[in-house]
$ cat protein08.txt   # compact mmCIF, C-alpha atoms
# COMPACT_ATOMS: atom_id res chain seq x y z
CA MET C 44 20.43 21.49 3.31
CA SER C 45 19.27 21.86 6.88
CA ASN C 46 15.81 23.19 6.04
CA ALA C 47 14.95 20.34 3.64
CA VAL C 48 11.68 18.60 4.55
CA PHE C 49 10.54 15.09 3.64
CA THR C 50 7.03 15.65 2.24
CA LYS C 51 5.57 12.33 3.38
CA ASP C 52 1.91 13.05 2.56
CA ARG C 53 2.79 13.98 -1.02
CA HIS C 54 4.77 10.80 -1.45
CA ILE C 55 1.86 8.74 -0.17
CA ARG C 56 -0.46 10.43 -2.68
CA TYR C 57 2.07 9.84 -5.47
CA PHE C 58 2.29 6.09 -4.82
CA LEU C 59 -1.48 5.81 -4.40
CA ARG C 60 -1.99 7.47 -7.79
CA CYS C 61 0.41 4.97 -9.33
CA LEU C 62 -1.39 2.09 -7.64
CA LYS C 63 -5.02 3.03 -8.23
CA THR C 64 -5.04 4.97 -11.50
CA PHE C 65 -3.45 4.56 -14.91
CA LEU C 66 0.31 5.05 -15.09
CA PRO C 67 1.61 7.69 -17.50
CA GLY C 68 1.96 6.66 -21.13
CA LEU C 69 5.74 6.50 -20.85
CA TYR C 70 5.32 3.29 -18.84
CA THR C 71 3.67 1.47 -21.76
CA SER C 72 6.98 0.02 -22.92
CA ASN C 73 7.43 -1.49 -19.44
CA ASP C 74 4.19 -3.47 -19.52
CA SER C 75 6.09 -6.77 -19.53
CA ASN C 76 7.87 -5.58 -16.36
CA ARG C 77 4.64 -4.93 -14.51
CA MET C 78 5.74 -7.11 -11.58
CA LEU C 79 8.64 -4.73 -10.96
CA LEU C 80 6.34 -1.70 -11.14
CA ALA C 81 4.00 -3.42 -8.68
CA PHE C 82 6.91 -3.99 -6.33
CA PHE C 83 7.95 -0.34 -6.30
CA THR C 84 4.36 0.77 -5.69
CA ILE C 85 3.41 -1.70 -2.96
CA ALA C 86 6.81 -1.55 -1.27
CA GLY C 87 6.75 2.25 -1.42
CA LEU C 88 3.46 2.48 0.45
CA ASP C 89 4.69 -0.10 2.98
CA LEU C 90 7.90 1.87 3.57
CA LEU C 91 5.76 4.96 4.18
CA GLY C 92 3.66 3.00 6.69
CA ALA C 93 0.54 3.67 4.60
CA LEU C 94 -0.23 0.34 2.93
CA GLN C 95 -2.64 -0.91 5.58
CA ASP C 96 -4.39 2.42 6.11
CA LYS C 97 -4.71 3.51 2.49
CA THR C 98 -5.83 0.20 0.96
CA THR C 99 -8.66 -2.09 1.99
CA PRO C 100 -8.31 -5.80 2.82
CA GLU C 101 -10.27 -6.55 -0.36
CA GLU C 102 -7.85 -4.49 -2.45
CA ARG C 103 -4.81 -6.17 -0.93
CA GLN C 104 -6.32 -9.58 -1.56
CA GLY C 105 -6.91 -8.54 -5.16
CA TYR C 106 -3.23 -7.69 -5.53
CA ILE C 107 -2.33 -11.10 -4.11
CA GLU C 108 -4.64 -12.85 -6.59
CA TRP C 109 -3.07 -10.96 -9.50
CA ILE C 110 0.39 -12.10 -8.44
CA TYR C 111 -0.70 -15.72 -8.19
CA HIS C 112 -2.22 -15.36 -11.66
CA CYS C 113 1.35 -14.67 -12.79
CA GLN C 114 2.62 -17.97 -11.37
CA VAL C 115 3.79 -20.44 -14.03
CA PRO C 116 2.57 -24.06 -13.52
CA SER C 117 6.09 -25.49 -13.77
CA GLY C 118 7.49 -23.07 -11.20
CA GLY C 119 8.39 -19.38 -10.98
CA PHE C 120 6.45 -16.26 -11.94
CA ARG C 121 6.00 -14.39 -15.21
CA GLY C 122 6.46 -10.63 -15.39
CA PHE C 123 2.83 -9.90 -16.36
CA THR C 124 -0.29 -11.76 -17.39
CA GLY C 125 -0.03 -10.92 -21.08
CA THR C 126 1.72 -14.17 -22.03
CA ASP C 127 -0.61 -16.47 -20.11
CA PHE C 128 -2.14 -19.03 -22.50
CA GLY C 129 -4.34 -20.55 -19.84
CA ALA C 130 -3.88 -24.03 -18.37
CA LYS C 131 -5.78 -25.82 -21.14
CA LYS C 132 -3.74 -24.33 -23.98
CA ARG C 133 -0.32 -24.58 -22.37
CA THR C 134 1.82 -27.43 -23.72
CA GLN C 135 5.46 -28.52 -23.52
CA GLU C 136 5.86 -27.23 -27.07
CA ASN C 137 4.63 -23.69 -26.43
CA GLU C 138 5.55 -23.10 -22.77
CA ALA C 139 8.81 -21.41 -23.83
CA TRP C 140 6.66 -18.49 -25.00
CA ASP C 141 5.18 -18.05 -21.52
CA PRO C 142 8.24 -18.53 -19.32
CA ALA C 143 8.92 -17.87 -15.69
CA ASN C 144 11.24 -14.93 -15.23
CA VAL C 145 14.03 -14.89 -12.59
CA PRO C 146 13.67 -11.21 -11.54
CA SER C 147 9.86 -11.36 -11.61
CA THR C 148 9.90 -14.46 -9.42
CA PHE C 149 11.93 -12.69 -6.74
CA PHE C 150 9.79 -9.56 -6.83
CA ALA C 151 6.55 -11.58 -6.81
CA LEU C 152 7.64 -13.38 -3.65
CA VAL C 153 8.66 -10.14 -1.92
CA ILE C 154 5.34 -8.44 -2.81
CA LEU C 155 3.42 -11.41 -1.41
CA LEU C 156 5.40 -11.14 1.81
CA ILE C 157 4.78 -7.39 2.03
CA LEU C 158 1.05 -8.04 1.63
CA GLY C 159 1.15 -10.58 4.47
CA ASP C 160 0.62 -13.70 2.36
CA ASP C 161 1.91 -16.99 3.78
CA LEU C 162 3.19 -18.23 0.38
CA SER C 163 1.12 -21.40 0.84
CA ARG C 164 0.01 -21.29 -2.80
CA VAL C 165 3.52 -20.82 -4.16
CA LYS C 166 4.71 -23.88 -6.09
CA ARG C 167 7.74 -24.00 -3.87
CA ALA C 168 9.29 -27.30 -4.93
CA GLU C 169 8.61 -26.63 -8.62
CA CYS C 170 10.23 -23.21 -8.37
CA LEU C 171 13.30 -24.57 -6.62
CA ARG C 172 13.66 -27.28 -9.28
CA TRP C 173 13.40 -24.65 -12.01
CA LEU C 174 15.93 -22.30 -10.43
CA PRO C 175 19.07 -24.48 -10.85
CA LYS C 176 18.20 -24.91 -14.52
CA MET C 177 18.61 -21.15 -14.92
CA GLN C 178 22.21 -21.27 -13.71
CA ARG C 179 24.89 -21.28 -16.39
CA PRO C 180 28.14 -23.30 -16.24
CA ASP C 181 30.11 -20.24 -15.08
CA GLY C 182 27.82 -19.88 -12.04
CA SER C 183 25.80 -16.89 -13.30
CA PHE C 184 22.05 -16.90 -13.90
CA GLY C 185 19.97 -16.34 -17.00
CA GLU C 186 16.55 -14.74 -17.11
CA VAL C 187 14.17 -17.16 -18.85
CA PHE C 188 14.01 -20.55 -20.57
CA GLY C 189 13.78 -20.12 -24.33
CA PRO C 190 12.91 -22.69 -26.99
CA GLU C 191 14.65 -26.06 -26.68
CA ASP C 192 15.36 -25.35 -22.99
CA ARG C 193 18.00 -22.75 -23.76
CA VAL C 194 18.83 -20.32 -20.97
CA GLU C 195 18.24 -16.86 -22.40
CA GLY C 196 19.11 -13.38 -21.16
CA GLY C 197 20.76 -12.34 -17.96
CA GLY C 198 24.27 -13.41 -17.16
CA ASP C 199 25.24 -10.47 -14.95
CA LEU C 200 25.15 -9.87 -11.20
CA ARG C 201 21.55 -8.63 -11.19
CA PHE C 202 20.25 -12.09 -12.01
CA CYS C 203 22.67 -13.67 -9.55
CA CYS C 204 21.12 -11.55 -6.81
CA PHE C 205 17.56 -12.43 -7.82
CA GLY C 206 18.43 -16.12 -8.05
CA ALA C 207 20.09 -16.13 -4.63
CA GLY C 208 17.18 -14.12 -3.17
CA THR C 209 14.57 -16.55 -4.50
CA ARG C 210 16.53 -19.45 -3.03
CA TYR C 211 16.79 -17.61 0.30
CA ILE C 212 13.05 -17.05 0.51
CA LEU C 213 11.92 -20.52 -0.54
CA ARG C 214 14.58 -22.79 0.99
CA GLY C 215 14.89 -21.02 4.31
CA GLN C 216 17.10 -22.37 7.07
CA ARG C 217 15.50 -25.79 7.35
CA SER C 218 14.77 -26.76 3.71
CA ALA C 219 11.75 -28.56 5.15
CA GLY C 220 10.06 -30.88 2.67
CA LEU C 221 12.77 -30.40 0.03
CA ASP C 222 14.77 -33.62 0.45
CA ASP C 223 14.28 -34.53 -3.22
CA VAL C 224 14.85 -31.01 -4.56
CA GLY C 225 18.31 -30.17 -5.81
CA ASP C 226 20.03 -26.90 -4.99
CA ILE C 227 21.83 -24.35 -7.13
CA ASP C 228 25.61 -24.62 -7.31
CA VAL C 229 26.43 -22.13 -4.56
CA GLY C 230 30.17 -22.55 -4.98
CA LYS C 231 30.07 -21.63 -8.66
CA LEU C 232 27.81 -18.66 -7.96
CA VAL C 233 30.17 -17.34 -5.29
CA GLY C 234 33.10 -17.89 -7.64
CA PHE C 235 31.40 -15.89 -10.38
CA ILE C 236 30.71 -13.03 -7.97
CA GLU C 237 34.33 -13.02 -6.85
CA SER C 238 35.50 -12.85 -10.47
CA CYS C 239 33.50 -9.64 -11.01
CA GLN C 240 35.51 -7.50 -8.58
CA THR C 241 37.62 -4.98 -10.49
CA TYR C 242 41.08 -3.55 -9.87
CA ASP C 243 39.61 -0.45 -8.16
CA GLY C 244 37.40 -2.39 -5.75
CA GLY C 245 33.88 -2.19 -7.19
CA MET C 246 31.94 -5.00 -8.83
CA ALA C 247 31.23 -5.17 -12.56
CA GLU C 248 28.47 -6.91 -14.50
CA GLY C 249 30.98 -9.61 -15.37
CA PRO C 250 34.72 -10.32 -15.30
CA TYR C 251 36.96 -7.61 -16.80
CA CYS C 252 34.16 -5.04 -17.10
CA GLU C 253 33.85 -1.59 -15.49
CA ALA C 254 32.83 -1.35 -11.84
CA HIS C 255 29.26 -0.17 -11.30
CA SER C 256 27.37 0.63 -8.09
CA GLY C 257 24.26 -1.27 -9.13
CA HIS C 258 26.18 -4.46 -9.81
CA THR C 259 28.18 -3.96 -6.61
CA TYR C 260 24.91 -3.87 -4.67
CA CYS C 261 23.70 -7.02 -6.43
CA ALA C 262 26.95 -8.82 -5.63
CA PHE C 263 26.70 -8.11 -1.92
CA GLY C 264 22.96 -8.72 -1.90
CA ALA C 265 23.60 -12.19 -3.32
CA LEU C 266 26.38 -12.84 -0.79
CA THR C 267 24.05 -11.75 2.01
CA PHE C 268 21.34 -14.14 0.82
CA LEU C 269 23.94 -16.92 0.59
CA ASP C 270 25.20 -16.09 4.12
CA ARG C 271 28.72 -15.41 2.85
CA LEU C 272 29.17 -12.02 4.54
CA SER C 273 28.61 -13.25 8.07
CA ASN C 274 31.34 -14.49 10.39
CA ASN C 275 28.70 -16.56 12.20
CA SER C 276 27.64 -18.69 9.23
CA GLY C 277 30.06 -21.54 9.88
CA ARG C 278 31.93 -20.83 6.65
CA ALA C 279 34.52 -18.22 5.78
CA PRO C 280 33.01 -15.00 4.39
CA LEU C 281 34.01 -14.25 0.82
CA ILE C 282 35.05 -10.67 1.60
CA SER C 283 35.92 -10.04 5.24
CA PRO C 284 36.86 -6.83 7.08
CA GLY C 285 40.56 -6.13 6.90
CA SER C 286 41.08 -7.95 3.62
CA LYS C 287 42.29 -6.10 0.54
CA GLN C 288 39.03 -6.90 -1.27
CA TYR C 289 36.94 -5.47 1.56
CA GLU C 290 39.04 -2.34 2.02
CA SER C 291 39.06 -1.57 -1.69
CA VAL C 292 35.32 -2.00 -2.25
CA VAL C 293 34.43 0.22 0.72
CA ARG C 294 36.88 2.84 -0.50
CA TRP C 295 35.36 2.67 -3.98
CA LEU C 296 31.80 2.97 -2.67
CA VAL C 297 32.57 5.96 -0.45
CA SER C 298 34.30 7.71 -3.35
CA ARG C 299 31.06 7.59 -5.33
CA GLN C 300 29.64 10.47 -3.27
CA THR C 301 29.91 13.65 -5.29
CA THR C 302 28.98 17.31 -5.20
CA GLU C 303 28.67 17.36 -9.00
CA LEU C 304 24.90 17.23 -9.56
CA GLY C 305 24.67 18.15 -13.25
CA GLU C 306 22.18 20.92 -12.58
CA ASP C 307 24.06 23.52 -14.64
CA GLU C 308 24.79 21.29 -17.64
CA ASP C 309 22.85 20.55 -20.82
CA ASP C 310 20.24 17.83 -20.40
CA GLU C 311 21.84 15.53 -22.95
CA GLU C 312 22.53 11.91 -22.18
CA ASP C 313 26.14 12.15 -23.26
CA SER C 314 27.01 15.26 -21.23
CA ASP C 315 28.31 13.29 -18.28
CA MET C 316 31.69 15.01 -18.10
CA ASP C 317 32.57 18.65 -18.58
CA GLU C 318 35.07 20.00 -21.10
CA SER C 319 37.92 19.96 -18.64
CA GLY C 320 37.51 16.24 -18.11
CA ASP C 321 36.83 16.72 -14.40
CA ASP C 322 35.07 13.62 -13.12
CA GLY C 323 33.00 15.73 -10.73
CA THR C 324 34.04 14.07 -7.50
CA ARG C 325 36.64 16.65 -6.51
CA GLY C 326 37.13 16.40 -2.77
CA LEU C 327 35.88 12.82 -2.57
CA SER C 328 37.75 10.87 -5.20
CA GLN C 329 40.87 13.04 -5.09
CA ALA C 330 41.27 12.37 -1.40
CA ILE C 331 40.68 8.66 -1.92
CA ASP C 332 43.09 8.47 -4.86
CA ARG C 333 45.86 9.92 -2.68
CA LEU C 334 45.54 7.04 -0.24
CA SER C 335 47.77 4.03 -0.41
CA ILE C 336 45.89 0.86 -1.33
CA ASN C 337 47.29 -0.64 1.88
CA GLU C 338 45.98 2.16 4.08
CA SER C 339 43.00 1.19 6.22
CA ILE C 340 39.63 2.60 5.27
CA ASP C 341 39.17 3.59 8.90
CA THR C 342 41.87 6.24 8.44
CA LEU C 343 40.10 8.01 5.58
CA PRO C 344 40.29 11.79 5.93
CA ASN C 345 37.36 14.16 5.81
CA ILE C 346 36.73 13.48 2.15
CA LEU C 347 34.32 16.31 1.34
CA PRO C 348 35.69 19.83 0.91
CA PRO C 349 35.03 21.71 4.17
CA THR C 350 32.79 24.30 2.53
CA GLU C 351 29.23 25.03 3.55
CA GLU C 352 27.89 24.76 0.00
CA SER C 353 29.42 21.38 -0.82
CA LEU C 354 28.36 19.89 2.50
CA GLN C 355 24.73 20.74 1.85
CA CYS C 356 24.18 18.56 -1.24
CA ALA C 357 26.31 15.54 -2.09
CA GLY C 358 24.61 12.72 -3.94
CA PHE C 359 26.12 9.57 -5.39
CA ASN C 360 27.11 8.43 -8.85
CA GLY C 361 27.42 4.88 -10.07
CA ARG C 362 30.69 5.08 -11.97
CA CYS C 363 33.64 7.41 -12.26
CA ASN C 364 33.09 10.59 -14.32
CA LYS C 365 29.31 10.66 -13.78
CA TYR C 366 26.91 13.07 -12.12
CA ALA C 367 24.84 12.21 -9.07
CA ASP C 368 21.65 10.22 -9.63
CA THR C 369 18.91 9.47 -7.09
CA CYS C 370 19.01 5.69 -7.52
CA TYR C 371 22.74 5.60 -6.80
CA SER C 372 22.08 7.01 -3.37
CA PHE C 373 20.36 3.67 -2.83
CA TRP C 374 22.83 1.36 -4.57
CA ASN C 375 25.78 2.79 -2.64
CA THR C 376 24.26 3.33 0.81
CA ALA C 377 22.53 -0.06 0.76
CA THR C 378 25.80 -1.82 -0.03
CA LEU C 379 27.66 0.12 2.64
CA ASP C 380 24.93 -0.83 5.09
CA MET C 381 25.42 -4.52 4.28
CA LEU C 382 29.16 -4.02 4.83
CA GLY C 383 28.64 -2.22 8.14
CA LYS C 384 30.19 1.02 6.84
CA LEU C 385 27.20 3.28 6.27
CA SER C 386 28.60 5.77 8.78
CA MET C 387 31.41 6.64 6.38
CA VAL C 388 29.19 8.64 4.02
CA ASP C 389 28.09 12.24 4.46
CA ALA C 390 24.51 11.57 5.48
CA ASN C 391 23.56 15.24 5.62
CA GLY C 392 24.90 15.82 2.12
CA ASN C 393 22.97 12.85 0.75
CA ARG C 394 19.81 14.01 2.51
CA GLY C 395 20.29 17.52 1.14
CA TYR C 396 20.67 16.17 -2.39
CA LEU C 397 17.62 13.93 -2.24
CA LEU C 398 15.24 16.29 -0.45
CA GLY C 399 16.53 19.56 -1.88
CA LYS C 400 17.34 18.56 -5.45
CA THR C 401 15.40 15.48 -6.66
CA GLN C 402 12.33 15.32 -4.37
CA HIS C 403 9.46 16.47 -6.57
CA LEU C 404 6.77 19.01 -5.74
CA VAL C 405 3.94 16.55 -6.50
CA GLY C 406 5.58 13.71 -4.58
CA GLY C 407 8.09 11.09 -5.58
CA PHE C 408 11.67 11.60 -6.69
CA GLY C 409 13.19 12.23 -10.09
CA LYS C 410 16.35 10.73 -11.52
CA GLY C 411 18.25 14.01 -11.33
CA VAL C 412 17.86 17.70 -10.62
CA GLY C 413 14.61 19.07 -12.10
CA GLU C 414 13.44 15.75 -13.56
CA PRO C 415 9.88 14.37 -13.11
CA PRO C 416 9.27 11.59 -10.61
CA ASP C 417 9.19 7.93 -11.57
CA LEU C 418 8.56 4.79 -9.54
CA LEU C 419 12.11 3.44 -9.47
CA HIS C 420 13.80 6.63 -8.35
CA SER C 421 10.96 7.48 -5.97
CA TYR C 422 11.29 4.20 -4.12
CA PHE C 423 15.08 4.09 -4.09
CA GLY C 424 15.30 7.70 -2.93
CA MET C 425 13.12 6.90 0.05
CA VAL C 426 15.03 3.71 0.87
CA SER C 427 18.32 5.60 1.02
CA LEU C 428 16.74 8.10 3.38
CA ALA C 429 15.34 5.24 5.47
CA PHE C 430 18.87 3.89 5.99
CA GLN C 431 19.72 7.28 7.50
CA GLY C 432 16.73 7.17 9.86
CA GLU C 433 14.51 9.72 8.09
CA GLN C 434 11.41 10.39 10.19
CA GLY C 435 8.26 9.02 8.57
CA LEU C 436 9.92 5.99 6.97
CA ASP C 437 10.13 2.47 8.39
CA SER C 438 13.44 0.65 8.76
CA ILE C 439 14.50 -1.46 5.82
CA ASP C 440 16.48 -4.60 5.08
CA PRO C 441 19.14 -3.70 2.49
CA ALA C 442 19.33 -7.07 0.71
CA LEU C 443 15.60 -7.78 0.51
CA CYS C 444 14.99 -4.08 -0.26
CA ALA C 445 11.83 -4.21 1.83
CA THR C 446 10.93 -3.28 5.40
CA HIS C 447 12.24 -5.27 8.34
CA ARG C 448 8.59 -6.03 9.02
CA THR C 449 8.51 -7.94 5.74
CA MET C 450 11.65 -9.88 6.60
CA GLN C 451 10.26 -10.74 10.03
CA HIS C 452 7.10 -12.07 8.38
CA LEU C 453 9.21 -14.30 6.13
CA HIS C 454 11.01 -15.71 9.14
CA THR C 455 7.71 -16.80 10.73
CA LEU C 456 6.89 -19.12 7.81
CA PRO C 457 7.11 -22.85 8.58
CA TRP C 458 10.21 -23.61 6.50
CA TRP C 459 12.04 -20.75 8.18
CA ARG C 460 11.76 -22.10 11.70
CA GLU C 461 14.98 -23.75 12.83
CA THR C 462 13.00 -25.79 15.33
CA ASP C 463 9.29 -26.49 15.59
CA TYR C 464 7.41 -24.37 18.08
$ encode --input "protein08.txt" --output "structure tokens"
Amino acid sequence: MSNAVFTKDRHIRYFLRCLKTFLPGLYTSNDSNRMLLAFFTIAGLDLLGALQDKTTPEERQGYIEWIYHCQVPSGGFRGFTGTDFGAKKRTQENEAWDPANVPSTFFALVILLILGDDLSRVKRAECLRWLPKMQRPDGSFGEVFGPEDRVEGGGDLRFCCFGAGTRYILRGQRSAGLDDVGDIDVGKLVGFIESCQTYDGGMAEGPYCEAHSGHTYCAFGALTFLDRLSNNSGRAPLISPGSKQYESVVRWLVSRQTTELGEDEDDEEDSDMDESGDDGTRGLSQAIDRLSINESIDTLPNILPPTEESLQCAGFNGRCNKYADTCYSFWNTATLDMLGKLSMVDANGNRGYLLGKTQHLVGGFGKGVGEPPDLLHSYFGMVSLAFQGEQGLDSIDPALCATHRTMQHLHTLPWWRETDY
């Protein structure tokens, strides 16, 4: 869609409304996930280059103070302040009812970095002692500590990514001052990730489950944080270019791009496949399916039908037999970026889908065609466009899911310096 325009000013206003006024009532059920909502809002304004201009230093400091209010005394961050008993009422007997949360800890740290905080008030050692306790015997991570120190929730690749990301931020390259702090079992975590790759190349939430783009992103995000995708890390990468695992996952990711947008179907949740059983990826998946598993991904044919209409709008789905969805433009392009294969997608088709089909009139992006905007899809839609160099958006780190400016700030922190200046 060559005439599609990224309406930057409307997106800025959308994120400012979400930041400075009440969120719509539909968000009430997500109150315990407020840290995630804060991440999308703050990170969205930063990606738009508007955070510094559209908020005051006093406001940004207030956001920082709220995040530190969510810090748990024994390490990690809670998802919102609603469970905080206060220091005087917190005991070993009741602390399980106000636990640190693995995803919220990661997002809290990233928000602090976006806001320019130096993390000096983060209970770094306590958090890094808590983190290994959240790892299960199979290498995966739970979400919270329940009563009697039971690891509750989680268990899939999302929590593996958040655990690895928290470790990456707080241990750094030097692990300065952490001589008496144990580490997670990296080998078991890598082994669990490896066990989640499916027969068709993608990554599932766990062994023997269906491949899913979101979990595939989390797998490679975790491997990036663990430095297991780099040939310069001093250790063999888990999945290296030329290997069967690498070739198959790239092929699977590229085949997720689809011209089936669901715009002419009923708006029911279970109407993901039409009566004919067509999985909606015609030119993409059919071309990929015809390839031999041993054929190099670099010899892939032009996988979109050479028609003007189909080349204008081609979003991404997350699994076979599904319509395009804004967030999957992120999950797939971000993973391909980490793998160095972003150039294999139809960037114009993805841009046409996002700007012409799910970009909303009032700002933000909806989940699908004609749907209202929400924070998750609004942020992920912009991030996918940022990977493709959309004017008006800053460059972004795919694993941290925040601007390169944020990553550079992290690397200036004392425990990130390989040598003292």
$ residues_around --input "protein08.txt" --residues "C:Gly159" --least-positions-apart "3" --cutoff "9 Å" --atoms "all atoms listed in the file" --output "list in words"
Ile154, Leu155, Leu156, Leu162, Thr449 and His452 of chain C
$ closest_residue --input "protein08.txt" --among "C:Asp222, C:Ala93, C:Val405, C:Asp181" --to "C:Ser238" --atoms "all atoms listed in the file"
C:Asp181
$ closest_residue --input "protein08.txt" --among "C:Leu418, C:Cys356, C:Ala445, C:Val145" --to "C:Asn393" --atoms "only C-alpha atoms"
C:Cys356
$ atom_distance --input "protein08.txt" --atom1 "atom CA of C:Phe423" --atom2 "atom CA of C:Asn76"
17.2 Å
$ residues_around --input "protein08.txt" --residues "C:Gln434" --least-positions-apart "6" --cutoff "12 Å" --atoms "only C-alpha atoms" --output "JSON list (two decimals) with C-alpha atoms, in the coordinates of the input"
[["chain", "number", "residue", "atom", "x", "y", "z"],
["C", 48, "VAL", "CA", 11.68, 18.60, 4.55],
["C", 49, "PHE", "CA", 10.54, 15.09, 3.64],
["C", 50, "THR", "CA", 7.03, 15.65, 2.24],
["C", 51, "LYS", "CA", 5.57, 12.33, 3.38],
["C", 90, "LEU", "CA", 7.90, 1.87, 3.57],
["C", 91, "LEU", "CA", 5.76, 4.96, 4.18],
["C", 92, "GLY", "CA", 3.66, 3.00, 6.69],
["C", 394, "ARG", "CA", 19.81, 14.01, 2.51],
["C", 425, "MET", "CA", 13.12, 6.90, 0.05],
["C", 428, "LEU", "CA", 16.74, 8.10, 3.38]]
$ atom_distance --input "protein08.txt" --atom1 "atom CA of C:Glu306" --atom2 "atom CA of C:His420"
17.1 Å
$ residues_around --input "protein08.txt" --residues "stretch 56-58 of chain C" --least-positions-apart "4" --cutoff "7 Å" --atoms "all atoms listed in the file" --output "list of chain:residue names"
C:Asp52, C:Leu62, C:Thr84, C:Gly87, C:Leu88, C:Gly406, C:Gly407
$ residues_around --input "protein08.txt" --residues "C:Ala357" --least-positions-apart "6" --cutoff "10 Å" --atoms "all atoms listed in the file" --output "MDAnalysis selection string"
chainID C and resid 44 299:304 324 327 347 367 372 388:397
$ closest_residue --input "protein08.txt" --among "C:Gln355, C:Thr378, C:Gly409, C:Pro116" --to "C:Asn46" --atoms "all atoms listed in the file"
C:Gln355
$ closest_atom_pairs --input "protein08.txt" --of "stretch 216-310 of chain C" --to "stretch 182-193 of chain C" --cutoff "7 Å" --atoms "all atoms listed in the file" --output "JSON lines"
{"residue": "C:Lys231", "atom": "CA", "partner": "C:Gly182", "partner_atom": "CA", "distance": 4.4}
{"residue": "C:Leu232", "atom": "CA", "partner": "C:Gly182", "partner_atom": "CA", "distance": 4.3}
{"residue": "C:Phe235", "atom": "CA", "partner": "C:Gly182", "partner_atom": "CA", "distance": 5.6}
$ atom_distance --input "protein08.txt" --atom1 "atom CA of C:Asp199" --atom2 "atom CA of C:His258"
8.0 Å
$ closest_residue --input "protein08.txt" --among "C:His112, C:Arg53, C:His447, C:His454" --to "C:Asp127" --atoms "only C-alpha atoms"
C:His112
$ closest_residue --input "protein08.txt" --among "C:Ala130, C:Arg294, C:Leu398, C:Cys363" --to "C:Glu433" --atoms "all atoms listed in the file"
C:Leu398
